[in-house]
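S.K.: Encoded as structure tokens, here's the structure I'll be asking about.
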Amino acid sequence: MKVATATNQSQQILRRIKAKGRGWAFTPHDFADLGDPRAIGMTLTRLTRSGKIRRIGHGLYDVPHSHPILGQVGAGTDSVIDAIGRKRNLRMLPSTATAANQLGLSTQVPARLVYHTDGAPTRVMLGNLQIDLRRNTGRMLALAGRPSGLVAQALRDVGKDHVNAGHLQRVRDLLPASARKQLLQDIYLVPAWMRPHFKEISRDDD
């Protein structure tokens, strides 16, 4: 009976992973409804040993797939950050340098990614990449997990007196229309100097 239960649990977990699609990072927390934590942990360990999933960090997993050019490709950094946030019920906002890099406003590749959070400070290693979570309970976390928070942080990195039309167009090109509209909803949560830039990024396409 125990073997059948374990097999059924493995199948349920694999079905959920498949439904989420490629590039999904997950933790045992994402399967809490399928059994007790110890059983889920054991099942994930078995799936890892059988090669069906991959452990990419402490309590973090993904399913890599083959890319014709890049080789084995797994979950991206954004997906890993989302998984950590779900597990710990955290609000997380990228640092200014991290946000600028994600939006293509900086060509510097950071040696580590820094996120502000309302949880305990911690460090996560994703291969050779270091992800630092720093506690911050300030107003800036009001925009955590929203496109407007990412844009605001990126513009802070560029600097109040250095944002130009090229920066704004780059952000417009990268964000989908739904995300650009959200900037208008949050415009009063950002500094006054940033509001005209938010309006420009969120304007309707010509």
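Numbering starts fresh at 1 for the residues of each chain in the structure tokens, the chains themselves are lettered A, B, ... in the order given, and ligands are numbered from 1 as they appear.
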Any idea what's packed within 10 Å of Arg88 (chain A), counting only C-alpha atoms, ignoring anything in its chain fewer than 5 positions away? Could you give it as an MDAnalysis selection string?

M.R.: chainID A and resid 29 83 119:120

S.K.: Can you pull out the residues contacting Thr7 (chain A)? Cut-off 12 Å, using only C-alpha atoms, and skip same-chain residues under 6 positions away; I want them as a list in words.

M.R.: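 Surrounding residues, per the criterion: Met1, Ile13, Leu14, Ala39, Ile40, Met42, Thr43, Leu44, Arg46 and Leu47 of chain A.
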
S.K.: Report the residues of region 47-173 of chain A whose backbone DSSP state falls under strand (DSSP E), written as a ChimeraX atom specification.

M.R.: /A:54-57,60-62,65-67,71-73,92-94,112-117,122-126,129-135

S.K.: Contacts of Ile201 (chain A) at 12 Å or less, counting only C-alpha atoms, minus same-chain residues fewer than 6 places along, as a PyMOL selection string?

M.R.: chain A and resi 147-148+151-152+155+164-184+187+194-195

S.K.: Write the residues you've just listed into a file as a PDB file, in the first residue's frame, and include C-alpha atoms for each of them.

M.R.:
```
ATOM      1  CA  PRO A 147       6.257  45.531 -12.971  1.00  0.00           C
ATOM      2  CA  SER A 148       6.173  49.060 -11.573  1.00  0.00           C
ATOM      3  CA  VAL A 151      10.839  49.736 -13.474  1.00  0.00           C
ATOM      4  CA  ALA A 152      11.183  52.106 -10.512  1.00  0.00           C
ATOM      5  CA  LEU A 155      15.249  54.032 -13.164  1.00  0.00           C
ATOM      6  CA  ASN A 164      16.776  59.453 -21.547  1.00  0.00           C
ATOM      7  CA  ALA A 165      14.342  58.527 -24.313  1.00  0.00           C
ATOM      8  CA  GLY A 166      16.397  55.480 -25.227  1.00  0.00           C
ATOM      9  CA  HIS A 167      16.042  54.052 -21.726  1.00  0.00           C
ATOM     10  CA  LEU A 168      12.276  54.562 -21.750  1.00  0.00           C
ATOM     11  CA  GLN A 169      11.862  53.026 -25.198  1.00  0.00           C
ATOM     12  CA  ARG A 170      13.881  49.996 -24.152  1.00  0.00           C
ATOM     13  CA  VAL A 171      11.550  49.424 -21.215  1.00  0.00           C
ATOM     14  CA  ARG A 172       8.474  49.955 -23.445  1.00  0.00           C
ATOM     15  CA  ASP A 173       9.744  47.380 -25.902  1.00  0.00           C
ATOM     16  CA  LEU A 174      10.377  44.834 -23.168  1.00  0.00           C
ATOM     17  CA  LEU A 175       7.177  45.125 -21.122  1.00  0.00           C
ATOM     18  CA  PRO A 176       3.853  43.733 -22.398  1.00  0.00           C
ATOM     19  CA  ALA A 177       0.935  46.158 -22.667  1.00  0.00           C
ATOM     20  CA  SER A 178      -0.696  44.812 -19.496  1.00  0.00           C
ATOM     21  CA  ALA A 179       2.440  45.517 -17.462  1.00  0.00           C
ATOM     22  CA  ARG A 180       2.795  49.022 -18.923  1.00  0.00           C
ATOM     23  CA  LYS A 181      -0.788  49.858 -17.945  1.00  0.00           C
ATOM     24  CA  GLN A 182      -0.057  48.771 -14.395  1.00  0.00           C
ATOM     25  CA  LEU A 183       2.548  51.509 -14.151  1.00  0.00           C
ATOM     26  CA  LEU A 184      -0.231  54.113 -14.289  1.00  0.00           C
ATOM     27  CA  ILE A 187       2.269  56.039 -10.383  1.00  0.00           C
ATOM     28  CA  MET A 194       9.816  59.361 -11.990  1.00  0.00           C
ATOM     29  CA  ARG A 195       6.127  59.932 -12.819  1.00  0.00           C
TER      30      ARG A 195
END
```

S.K.: Report as a ChimeraX atom specification all protein, DNA and RNA residues lying within 6 Å of Asp157 (chain A), evaluated on only C-alpha atoms, omitting residues in the same chain fewer than 2 positions from it.

M.R.: /A:96-97,154-155,159

S.K.: Just the selected residues (C-alpha atoms), exported as a PDB file, in the first residue's frame, please.

M.R.:
```pdb
ATOM      1  CA  THR A  96      18.461  48.864  -8.398  1.00  0.00           C
ATOM      2  CA  ALA A  97      21.400  47.181 -10.145  1.00  0.00           C
ATOM      3  CA  ALA A 154      15.836  50.293 -12.734  1.00  0.00           C
ATOM      4  CA  LEU A 155      15.249  54.032 -13.164  1.00  0.00           C
ATOM      5  CA  GLY A 159      19.694  58.118 -11.993  1.00  0.00           C
TER       6      GLY A 159
END
```

S.K.: Mind checking which residues fall within 10 Å of Ala144 (chain A), counting only C-alpha atoms, ignoring those fewer than 6 positions away in the same chain, and posting them as a list in words?

M.R.: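 Listed by chain and then number, they are Leu90, Arg91, Met92, Leu93, Pro94, Tyr115, His116, Thr117, Asp118 and Leu150 of chain A.
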
S.K.: Could you name the residues that touch Arg112 (chain A) at 8 Å or less, counting only C-alpha atoms, but leaving out those on the same chain fewer than 4 positions away, as a PDB file with C-alpha atoms, in the first residue's frame?

M.R.:
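File produced: around.pdb:
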```pdb
ATOM      1  CA  LEU A 129      25.310  32.678  -9.040  1.00  0.00           C
ATOM      2  CA  GLN A 130      24.767  34.146  -5.591  1.00  0.00           C
ATOM      3  CA  ILE A 131      21.328  35.500  -4.667  1.00  0.00           C
ATOM      4  CA  ASP A 132      21.165  37.649  -1.534  1.00  0.00           C
TER       5      ASP A 132
END
```

S.K.: Using DSSP on the backbone coordinates, identify all residues within region 28-98 of chain A classified as alpha helix (DSSP H); present the result as JSON, numbers by chain.

M.R.: {"A": [37, 38, 39, 40, 41, 42, 43, 44, 45, 46, 47, 48, 49, 77, 78, 79, 80, 81, 82, 83, 84, 85, 86, 87, 88, 96, 97, 98]}

S.K.: Please, could you write that set of residues out with C-alpha atoms as a compact mmCIF listing (two decimals), in the first residue's frame?

M.R.:
```
# COMPACT_ATOMS: atom_id res chain seq x y z
CA PRO A 37 6.24 17.46 4.18
CA ARG A 38 8.39 14.42 4.95
CA ALA A 39 6.68 12.28 2.32
CA ILE A 40 6.91 15.06 -0.27
CA GLY A 41 10.60 15.50 0.48
CA MET A 42 11.26 11.77 0.05
CA THR A 43 9.34 11.71 -3.23
CA LEU A 44 11.31 14.65 -4.60
CA THR A 45 14.53 12.91 -3.59
CA ARG A 46 13.51 9.76 -5.46
CA LEU A 47 12.54 11.77 -8.53
CA THR A 48 15.92 13.52 -8.40
CA ARG A 49 17.81 10.25 -8.17
CA THR A 77 16.53 33.33 -12.15
CA ASP A 78 13.07 34.93 -12.10
CA SER A 79 11.43 31.54 -11.68
CA VAL A 80 13.80 30.64 -8.85
CA ILE A 81 13.07 33.94 -7.08
CA ASP A 82 9.33 33.29 -7.47
CA ALA A 83 9.74 29.83 -5.96
CA ILE A 84 11.59 31.22 -2.95
CA GLY A 85 8.91 33.87 -2.47
CA ARG A 86 6.10 31.30 -2.60
CA LYS A 87 7.85 29.03 -0.14
CA ARG A 88 8.45 31.75 2.45
CA THR A 96 18.46 48.86 -8.40
CA ALA A 97 21.40 47.18 -10.15
CA THR A 98 19.54 43.88 -10.49
```

S.K.: Compare A:Pro28, A:Ala142, A:Val124, A:Lys160 by their minimum atom-to-atom distance to Ala192 (chain A), counting only C-alpha atoms, and give me the closest one.

M.R.: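 For Ala192 (chain A), the nearest of the given residues is A:Lys160.
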